[in-house]
file model-v9.tsv (TSV, N, CA, C and O atoms)
chain	number	residue	atom	x	y	z
X	1	MET	N	-40.74	-143.35	201.29
X	1	MET	CA	-41.12	-142.30	202.19
X	1	MET	C	-42.59	-142.50	202.59
X	1	MET	O	-43.45	-142.62	201.75
X	2	VAL	N	-42.84	-142.51	203.91
X	2	VAL	CA	-44.18	-142.74	204.43
X	2	VAL	C	-44.71	-141.43	205.03
X	2	VAL	O	-44.04	-140.78	205.81
X	3	CYS	N	-45.93	-141.09	204.68
X	3	CYS	CA	-46.55	-139.87	205.20
X	3	CYS	C	-47.43	-140.23	206.40
X	3	CYS	O	-48.28	-141.10	206.31
X	4	LYS	N	-47.16	-139.57	207.51
X	4	LYS	CA	-47.96	-139.79	208.71
X	4	LYS	C	-48.98	-138.65	208.84
X	4	LYS	O	-48.86	-137.79	209.68
X	5	CYS	N	-49.95	-138.67	207.96
X	5	CYS	CA	-50.94	-137.60	207.93
X	5	CYS	C	-52.08	-137.81	208.92
X	5	CYS	O	-52.86	-136.93	209.16
X	6	ARG	N	-52.19	-138.99	209.46
X	6	ARG	CA	-53.28	-139.29	210.38
X	6	ARG	C	-52.83	-139.09	211.82
X	6	ARG	O	-51.74	-139.44	212.20
X	7	SER	N	-53.73	-138.56	212.60
X	7	SER	CA	-53.46	-138.36	214.02
X	7	SER	C	-53.87	-139.64	214.77
X	7	SER	O	-54.80	-140.33	214.37
X	8	SER	N	-53.18	-139.88	215.87
X	8	SER	CA	-53.53	-141.05	216.67
X	8	SER	C	-54.84	-140.79	217.41
X	8	SER	O	-55.30	-139.65	217.53
X	9	LYS	N	-55.43	-141.85	217.91
X	9	LYS	CA	-56.69	-141.72	218.64
X	9	LYS	C	-56.51	-140.82	219.87
X	9	LYS	O	-57.39	-140.01	220.18
X	10	GLU	N	-55.38	-140.93	220.55
X	10	GLU	CA	-55.11	-140.11	221.72
X	10	GLU	C	-54.99	-138.63	221.35
X	10	GLU	O	-55.48	-137.75	222.07
X	11	GLU	N	-54.34	-138.34	220.21
X	11	GLU	CA	-54.20	-136.95	219.77
X	11	GLU	C	-55.56	-136.36	219.42
X	11	GLU	O	-55.84	-135.20	219.74
X	12	ILE	N	-56.39	-137.17	218.79
X	12	ILE	CA	-57.72	-136.70	218.42
X	12	ILE	C	-58.53	-136.40	219.68
X	12	ILE	O	-59.18	-135.36	219.78
X	13	GLU	N	-58.48	-137.29	220.66
X	13	GLU	CA	-59.20	-137.07	221.92
X	13	GLU	C	-58.69	-135.82	222.63
X	13	GLU	O	-59.48	-135.04	223.17
X	14	ARG	N	-57.39	-135.62	222.63
X	14	ARG	CA	-56.79	-134.44	223.26
X	14	ARG	C	-57.29	-133.17	222.56
X	14	ARG	O	-57.68	-132.20	223.22
X	15	MET	N	-57.31	-133.18	221.24
X	15	MET	CA	-57.77	-132.01	220.50
X	15	MET	C	-59.25	-131.74	220.74
X	15	MET	O	-59.67	-130.58	220.90
X	16	VAL	N	-60.06	-132.79	220.82
X	16	VAL	CA	-61.49	-132.64	221.10
X	16	VAL	C	-61.69	-132.07	222.50
X	16	VAL	O	-62.48	-131.15	222.71
X	17	ASN	N	-60.94	-132.58	223.47
X	17	ASN	CA	-61.04	-132.08	224.85
X	17	ASN	C	-60.62	-130.62	224.94
X	17	ASN	O	-61.26	-129.82	225.64
X	18	GLU	N	-59.56	-130.25	224.24
X	18	GLU	CA	-59.12	-128.86	224.23
X	18	GLU	C	-60.18	-127.97	223.59
X	18	GLU	O	-60.46	-126.87	224.08
X	19	ALA	N	-60.76	-128.43	222.50
X	19	ALA	CA	-61.80	-127.65	221.83
X	19	ALA	C	-63.00	-127.45	222.75
X	19	ALA	O	-63.57	-126.35	222.82
X	20	GLU	N	-63.39	-128.46	223.49
X	20	GLU	CA	-64.51	-128.34	224.43
X	20	GLU	C	-64.18	-127.37	225.56
X	20	GLU	O	-65.02	-126.57	225.98
X	21	LYS	N	-62.93	-127.44	226.04
X	21	LYS	CA	-62.50	-126.54	227.11
X	21	LYS	C	-62.54	-125.09	226.62
X	21	LYS	O	-63.08	-124.21	227.31
X	22	TYR	N	-62.02	-124.83	225.43
X	22	TYR	CA	-62.02	-123.47	224.91
X	22	TYR	C	-63.42	-123.00	224.55
X	22	TYR	O	-63.73	-121.82	224.66
X	23	LYS	N	-64.28	-123.91	224.14
X	23	LYS	CA	-65.67	-123.55	223.85
X	23	LYS	C	-66.34	-123.07	225.13
X	23	LYS	O	-67.04	-122.05	225.13
X	24	ALA	N	-66.13	-123.81	226.22
X	24	ALA	CA	-66.73	-123.43	227.50
X	24	ALA	C	-66.20	-122.07	227.96
X	24	ALA	O	-66.97	-121.22	228.43
X	25	LYS	N	-64.90	-121.84	227.82
X	25	LYS	CA	-64.32	-120.54	228.19
X	25	LYS	C	-64.90	-119.43	227.32
X	25	LYS	O	-65.18	-118.34	227.81
X	26	GLY	N	-65.09	-119.71	226.05
X	26	GLY	CA	-65.67	-118.73	225.14
X	26	GLY	C	-67.09	-118.40	225.51
X	26	GLY	O	-67.49	-117.23	225.46
X	27	GLU	N	-67.87	-119.40	225.90
X	27	GLU	CA	-69.26	-119.17	226.30
X	27	GLU	C	-69.33	-118.31	227.56
X	27	GLU	O	-70.18	-117.43	227.68
X	28	VAL	N	-68.42	-118.55	228.50
X	28	VAL	CA	-68.37	-117.74	229.73
X	28	VAL	C	-68.01	-116.30	229.38
X	28	VAL	O	-68.61	-115.36	229.90
X	29	ALA	N	-67.05	-116.13	228.48
X	29	ALA	CA	-66.64	-114.79	228.08
X	29	ALA	C	-67.78	-114.06	227.38
X	29	ALA	O	-68.01	-112.87	227.62
X	30	VAL	N	-68.51	-114.74	226.53
X	30	VAL	CA	-69.63	-114.13	225.83
X	30	VAL	C	-70.71	-113.70	226.83
X	30	VAL	O	-71.25	-112.60	226.74
X	31	ALA	N	-71.02	-114.57	227.78
X	31	ALA	CA	-72.04	-114.24	228.79
X	31	ALA	C	-71.61	-113.04	229.62
X	31	ALA	O	-72.43	-112.16	229.93
X	32	TYR	N	-70.34	-112.97	229.96
X	32	TYR	CA	-69.81	-111.83	230.72
X	32	TYR	C	-69.96	-110.53	229.94
X	32	TYR	O	-70.45	-109.53	230.46
X	33	VAL	N	-69.56	-110.55	228.69
X	33	VAL	CA	-69.64	-109.34	227.86
X	33	VAL	C	-71.10	-108.93	227.66
X	33	VAL	O	-71.43	-107.74	227.71
X	34	GLN	N	-71.98	-109.89	227.46
X	34	GLN	CA	-73.40	-109.57	227.28
X	34	GLN	C	-73.97	-108.93	228.55
X	34	GLN	O	-74.73	-107.96	228.46
X	35	ALA	N	-73.62	-109.46	229.71
X	35	ALA	CA	-74.11	-108.90	230.97
X	35	ALA	C	-73.57	-107.49	231.19
X	35	ALA	O	-74.30	-106.57	231.59
X	36	LYS	N	-72.29	-107.29	230.89
X	36	LYS	CA	-71.68	-105.97	231.04
X	36	LYS	C	-72.33	-104.98	230.07
X	36	LYS	O	-72.67	-103.86	230.46
X	37	ASN	N	-72.51	-105.39	228.84
X	37	ASN	CA	-73.14	-104.50	227.85
X	37	ASN	C	-74.58	-104.18	228.23
X	37	ASN	O	-75.04	-103.06	228.02
X	38	ALA	N	-75.28	-105.16	228.78
X	38	ALA	CA	-76.69	-104.95	229.16
X	38	ALA	C	-76.81	-103.88	230.24
X	38	ALA	O	-77.65	-102.98	230.12
X	39	ILE	N	-75.99	-103.97	231.27
X	39	ILE	CA	-76.10	-102.97	232.35
X	39	ILE	C	-75.63	-101.59	231.85
X	39	ILE	O	-76.23	-100.58	232.20
X	40	GLU	N	-74.58	-101.56	231.04
X	40	GLU	CA	-74.12	-100.28	230.53
X	40	GLU	C	-75.17	-99.63	229.63
X	40	GLU	O	-75.44	-98.43	229.75
X	41	THR	N	-75.80	-100.40	228.78
X	41	THR	CA	-76.85	-99.87	227.91
X	41	THR	C	-78.02	-99.37	228.75
X	41	THR	O	-78.53	-98.26	228.53
X	42	TYR	N	-78.42	-100.17	229.72
X	42	TYR	CA	-79.55	-99.79	230.57
X	42	TYR	C	-79.27	-98.50	231.33
X	42	TYR	O	-80.08	-97.58	231.34
X	43	VAL	N	-78.11	-98.43	231.96
X	43	VAL	CA	-77.81	-97.26	232.79
X	43	VAL	C	-77.62	-96.00	231.94
X	43	VAL	O	-78.04	-94.91	232.34
X	44	TYR	N	-77.03	-96.12	230.77
X	44	TYR	CA	-76.87	-94.95	229.92
X	44	TYR	C	-78.22	-94.49	229.34
X	44	TYR	O	-78.46	-93.29	229.21
X	45	ASN	N	-79.10	-95.43	229.03
X	45	ASN	CA	-80.44	-95.05	228.60
X	45	ASN	C	-81.19	-94.35	229.73
X	45	ASN	O	-81.88	-93.35	229.51
X	46	LEU	N	-81.05	-94.88	230.94
X	46	LEU	CA	-81.67	-94.27	232.10
X	46	LEU	C	-81.09	-92.87	232.34
X	46	LEU	O	-81.83	-91.92	232.60
X	47	HIS	N	-79.79	-92.76	232.22
X	47	HIS	CA	-79.10	-91.48	232.38
X	47	HIS	C	-79.62	-90.46	231.36
X	47	HIS	O	-79.93	-89.31	231.71
X	48	ASN	N	-79.72	-90.88	230.10
X	48	ASN	CA	-80.19	-89.97	229.05
X	48	ASN	C	-81.64	-89.56	229.28
X	48	ASN	O	-82.00	-88.39	229.10
X	49	SER	N	-82.47	-90.50	229.68
X	49	SER	CA	-83.88	-90.18	229.97
X	49	SER	C	-83.97	-89.20	231.14
X	49	SER	O	-84.76	-88.27	231.12
X	50	PHE	N	-83.17	-89.44	232.15
X	50	PHE	CA	-83.17	-88.57	233.33
X	50	PHE	C	-82.72	-87.16	232.96
X	50	PHE	O	-83.33	-86.18	233.37
X	51	ASN	N	-81.67	-87.06	232.18
X	51	ASN	CA	-81.13	-85.75	231.81
X	51	ASN	C	-82.00	-84.98	230.84
X	51	ASN	O	-81.90	-83.76	230.75
X	52	LYS	N	-82.83	-85.66	230.11
X	52	LYS	CA	-83.72	-84.97	229.16
X	52	LYS	C	-85.01	-84.52	229.84
X	52	LYS	O	-85.96	-84.15	229.17
X	53	GLU	N	-85.04	-84.61	231.14
X	53	GLU	CA	-86.17	-84.16	231.95
X	53	GLU	C	-87.44	-85.01	231.77
X	53	GLU	O	-88.45	-84.73	232.37
X	54	LYS	N	-87.40	-86.01	230.93
X	54	LYS	CA	-88.57	-86.87	230.78
X	54	LYS	C	-88.87	-87.57	232.10
X	54	LYS	O	-90.01	-87.62	232.55
X	55	LEU	N	-87.85	-88.09	232.69
X	55	LEU	CA	-88.01	-88.85	233.91
X	55	LEU	C	-87.90	-87.96	235.15
X	55	LEU	O	-88.68	-88.09	236.09
X	56	ALA	N	-86.97	-87.07	235.13
X	56	ALA	CA	-86.71	-86.23	236.30
X	56	ALA	C	-87.93	-85.41	236.70
X	56	ALA	O	-88.21	-85.25	237.90
X	57	SER	N	-88.66	-84.91	235.74
X	57	SER	CA	-89.81	-84.07	236.06
X	57	SER	C	-90.95	-84.86	236.72
X	57	SER	O	-91.82	-84.29	237.35
X	58	LYS	N	-90.92	-86.16	236.59
X	58	LYS	CA	-91.98	-86.99	237.16
X	58	LYS	C	-91.66	-87.46	238.58
X	58	LYS	O	-92.48	-88.08	239.22
X	59	LEU	N	-90.46	-87.17	239.04
X	59	LEU	CA	-90.03	-87.62	240.37
X	59	LEU	C	-89.94	-86.46	241.34
X	59	LEU	O	-89.61	-85.33	240.94
X	60	ASP	N	-90.17	-86.77	242.61
X	60	ASP	CA	-89.97	-85.73	243.62
X	60	ASP	C	-88.46	-85.55	243.84
X	60	ASP	O	-87.67	-86.41	243.45
X	61	PRO	N	-88.05	-84.44	244.42
X	61	PRO	CA	-86.61	-84.14	244.58
X	61	PRO	C	-85.81	-85.23	245.30
X	61	PRO	O	-84.66	-85.48	244.95
X	62	VAL	N	-86.41	-85.88	246.29
X	62	VAL	CA	-85.70	-86.93	247.02
X	62	VAL	C	-85.40	-88.12	246.09
X	62	VAL	O	-84.28	-88.63	246.04
X	63	ASN	N	-86.41	-88.55	245.33
X	63	ASN	CA	-86.21	-89.67	244.41
X	63	ASN	C	-85.32	-89.28	243.24
X	63	ASN	O	-84.57	-90.11	242.73
X	64	GLN	N	-85.37	-88.02	242.82
X	64	GLN	CA	-84.46	-87.54	241.78
X	64	GLN	C	-83.02	-87.70	242.24
X	64	GLN	O	-82.16	-88.19	241.51
X	65	SER	N	-82.77	-87.31	243.48
X	65	SER	CA	-81.43	-87.40	244.04
X	65	SER	C	-80.97	-88.85	244.15
X	65	SER	O	-79.83	-89.19	243.81
X	66	LYS	N	-81.87	-89.72	244.60
X	66	LYS	CA	-81.53	-91.14	244.73
X	66	LYS	C	-81.21	-91.75	243.37
X	66	LYS	O	-80.24	-92.49	243.22
X	67	LEU	N	-82.03	-91.45	242.39
X	67	LEU	CA	-81.83	-92.00	241.05
X	67	LEU	C	-80.55	-91.47	240.43
X	67	LEU	O	-79.77	-92.22	239.86
X	68	LYS	N	-80.32	-90.18	240.57
X	68	LYS	CA	-79.10	-89.57	240.03
X	68	LYS	C	-77.87	-90.21	240.66
X	68	LYS	O	-76.89	-90.52	239.97
X	69	SER	N	-77.92	-90.44	241.95
X	69	SER	CA	-76.81	-91.07	242.65
X	69	SER	C	-76.60	-92.52	242.18
X	69	SER	O	-75.47	-92.95	241.94
X	70	ALA	N	-77.69	-93.25	242.03
X	70	ALA	CA	-77.61	-94.66	241.57
X	70	ALA	C	-77.05	-94.73	240.15
X	70	ALA	O	-76.24	-95.60	239.84
X	71	ILE	N	-77.46	-93.80	239.30
X	71	ILE	CA	-76.95	-93.77	237.93
X	71	ILE	C	-75.45	-93.49	237.92
X	71	ILE	O	-74.67	-94.20	237.28
X	72	SER	N	-75.03	-92.46	238.64
X	72	SER	CA	-73.61	-92.10	238.69
X	72	SER	C	-72.77	-93.24	239.25
X	72	SER	O	-71.70	-93.55	238.73
X	73	GLU	N	-73.26	-93.83	240.32
X	73	GLU	CA	-72.55	-94.94	240.95
X	73	GLU	C	-72.42	-96.13	239.99
X	73	GLU	O	-71.36	-96.74	239.89
X	74	THR	N	-73.48	-96.44	239.29
X	74	THR	CA	-73.47	-97.58	238.38
X	74	THR	C	-72.61	-97.31	237.16
X	74	THR	O	-71.95	-98.22	236.66
X	75	ILE	N	-72.59	-96.08	236.68
X	75	ILE	CA	-71.73	-95.74	235.54
X	75	ILE	C	-70.26	-95.91	235.91
X	75	ILE	O	-69.47	-96.45	235.14
X	76	SER	N	-69.88	-95.50	237.10
X	76	SER	CA	-68.48	-95.61	237.51
X	76	SER	C	-68.12	-97.02	237.99
X	76	SER	O	-66.95	-97.39	237.99
X	77	TRP	N	-69.10	-97.80	238.38
X	77	TRP	CA	-68.84	-99.12	238.94
X	77	TRP	C	-68.10	-100.07	238.01
X	77	TRP	O	-67.07	-100.63	238.40
X	78	PRO	N	-68.52	-100.29	236.74
X	78	PRO	CA	-67.77	-101.22	235.89
X	78	PRO	C	-66.36	-100.76	235.61
X	78	PRO	O	-65.45	-101.58	235.46
X	79	ASN	N	-66.13	-99.44	235.55
X	79	ASN	CA	-64.78	-98.93	235.30
X	79	ASN	C	-63.86	-99.18	236.49
X	79	ASN	O	-62.68	-99.43	236.33
X	80	ALA	N	-64.41	-99.12	237.69
X	80	ALA	CA	-63.62	-99.35	238.89
X	80	ALA	C	-63.40	-100.84	239.14
X	80	ALA	O	-62.43	-101.23	239.77
X	81	LEU	N	-64.30	-101.66	238.63
X	81	LEU	CA	-64.25	-103.09	238.92
X	81	LEU	C	-64.25	-103.87	237.61
X	81	LEU	O	-65.24	-104.44	237.21
X	82	GLN	N	-63.11	-103.89	236.94
X	82	GLN	CA	-63.02	-104.54	235.63
X	82	GLN	C	-63.24	-106.05	235.68
X	82	GLN	O	-63.62	-106.65	234.70
X	83	GLU	N	-63.02	-106.65	236.81
X	83	GLU	CA	-63.12	-108.11	236.92
X	83	GLU	C	-64.43	-108.58	237.55
X	83	GLU	O	-64.49	-109.66	238.10
X	84	ALA	N	-65.47	-107.79	237.47
X	84	ALA	CA	-66.76	-108.20	238.02
X	84	ALA	C	-67.28	-109.40	237.22
X	84	ALA	O	-67.01	-109.54	236.03
X	85	SER	N	-68.02	-110.25	237.89
X	85	SER	CA	-68.55	-111.45	237.22
X	85	SER	C	-69.86	-111.12	236.51
X	85	SER	O	-70.48	-110.08	236.75
X	86	LYS	N	-70.28	-112.02	235.68
X	86	LYS	CA	-71.55	-111.90	234.97
X	86	LYS	C	-72.68	-111.73	235.99
X	86	LYS	O	-73.56	-110.88	235.83
X	87	ASP	N	-72.66	-112.53	237.04
X	87	ASP	CA	-73.71	-112.47	238.06
X	87	ASP	C	-73.72	-111.11	238.77
X	87	ASP	O	-74.79	-110.60	239.12
X	88	GLU	N	-72.54	-110.54	239.01
X	88	GLU	CA	-72.47	-109.23	239.66
X	88	GLU	C	-73.10	-108.15	238.77
X	88	GLU	O	-73.83	-107.29	239.27
X	89	TYR	N	-72.83	-108.21	237.48
X	89	TYR	CA	-73.43	-107.25	236.56
X	89	TYR	C	-74.95	-107.40	236.53
X	89	TYR	O	-75.68	-106.42	236.57
X	90	GLU	N	-75.43	-108.64	236.46
X	90	GLU	CA	-76.87	-108.88	236.42
X	90	GLU	C	-77.53	-108.44	237.72
X	90	GLU	O	-78.62	-107.84	237.71
X	91	SER	N	-76.90	-108.72	238.85
X	91	SER	CA	-77.43	-108.31	240.15
X	91	SER	C	-77.50	-106.79	240.25
X	91	SER	O	-78.49	-106.23	240.73
X	92	ARG	N	-76.47	-106.13	239.79
X	92	ARG	CA	-76.41	-104.67	239.84
X	92	ARG	C	-77.53	-104.06	238.97
X	92	ARG	O	-78.16	-103.10	239.36
X	93	GLN	N	-77.78	-104.68	237.82
X	93	GLN	CA	-78.83	-104.17	236.94
X	93	GLN	C	-80.19	-104.36	237.60
X	93	GLN	O	-81.05	-103.48	237.52
X	94	LYS	N	-80.40	-105.48	238.27
X	94	LYS	CA	-81.68	-105.72	238.96
X	94	LYS	C	-81.92	-104.69	240.05
X	94	LYS	O	-83.06	-104.32	240.32
X	95	GLU	N	-80.85	-104.22	240.69
X	95	GLU	CA	-80.99	-103.19	241.72
X	95	GLU	C	-81.53	-101.89	241.14
X	95	GLU	O	-82.25	-101.16	241.82
X	96	LEU	N	-81.20	-101.61	239.89
X	96	LEU	CA	-81.65	-100.37	239.26
X	96	LEU	C	-83.09	-100.45	238.78
X	96	LEU	O	-83.75	-99.43	238.65
X	97	VAL	N	-83.54	-101.63	238.49
X	97	VAL	CA	-84.89	-101.79	237.93
X	97	VAL	C	-85.91	-101.64	238.97
X	97	VAL	O	-86.28	-101.29	239.84
call {"tool": "encode", "arguments": {"input": "model-v9.tsv", "output": "structure tokens"}}
result
Amino acid sequence: MVCKCRSSKEEIERMVNEAEKYKAKGEVAVAYVQAKNAIETYVYNLHNSFNKEKLASKLDPVNQSKLKSAISETISWPNALQEASKDEYESRQKELV
């Protein structure tokens, strides 16, 4: 009885290529989640600061309205657009800053 415990060179190359492909997909997924979490954290912190009157009291009524609108819009945006890209999340966060 012969044991074929060794993989062929082609099988090893295929497994290495698959591992690289999945690594790249994993890195993209991590970057996406980090971008989404970053904008959500930023907007909720902004929302909390605004609602605690720390920020709102320093703005005139027109800018208060604009900021409140931008916060509400950004909070609802990721929920409405589940497939937004990492770049879209980063761009949206830059608009708020």
call {"tool": "closest_residue", "arguments": {"input": "model-v9.tsv", "among": "X:Ala84, X:Leu46, X:Val62, X:Leu55", "to": "X:Tyr32", "atoms": "all atoms listed in the file"}}
result
X:Ala84
call {"tool": "closest_residue", "arguments": {"input": "model-v9.tsv", "among": "X:Thr74, X:Asn63, X:Ser85, X:Ser8", "to": "X:Tyr42", "atoms": "only C-alpha atoms"}}
result
X:Thr74
call {"tool": "atom_distance", "arguments": {"input": "model-v9.tsv", "atom1": "atom N of X:Ala56", "atom2": "atom C of X:Glu73"}}
result
17.8 Å
call {"tool": "residues_around", "arguments": {"input": "model-v9.tsv", "residues": "X:Ala38", "least_positions_apart": "5", "cutoff": "8 Å", "atoms": "all atoms listed in the file", "output": "ChimeraX atom specification"}}
result
/X:31-33,43-45,89-90,93
call {"tool": "select_by_dssp", "arguments": {"input": "model-v9.tsv", "residues": "stretch 27-88 of chain X", "states": "helix (DSSP H, G or I)", "output": "ChimeraX atom specification"}}
result
/X:27-51,56-58,61-80,86-88
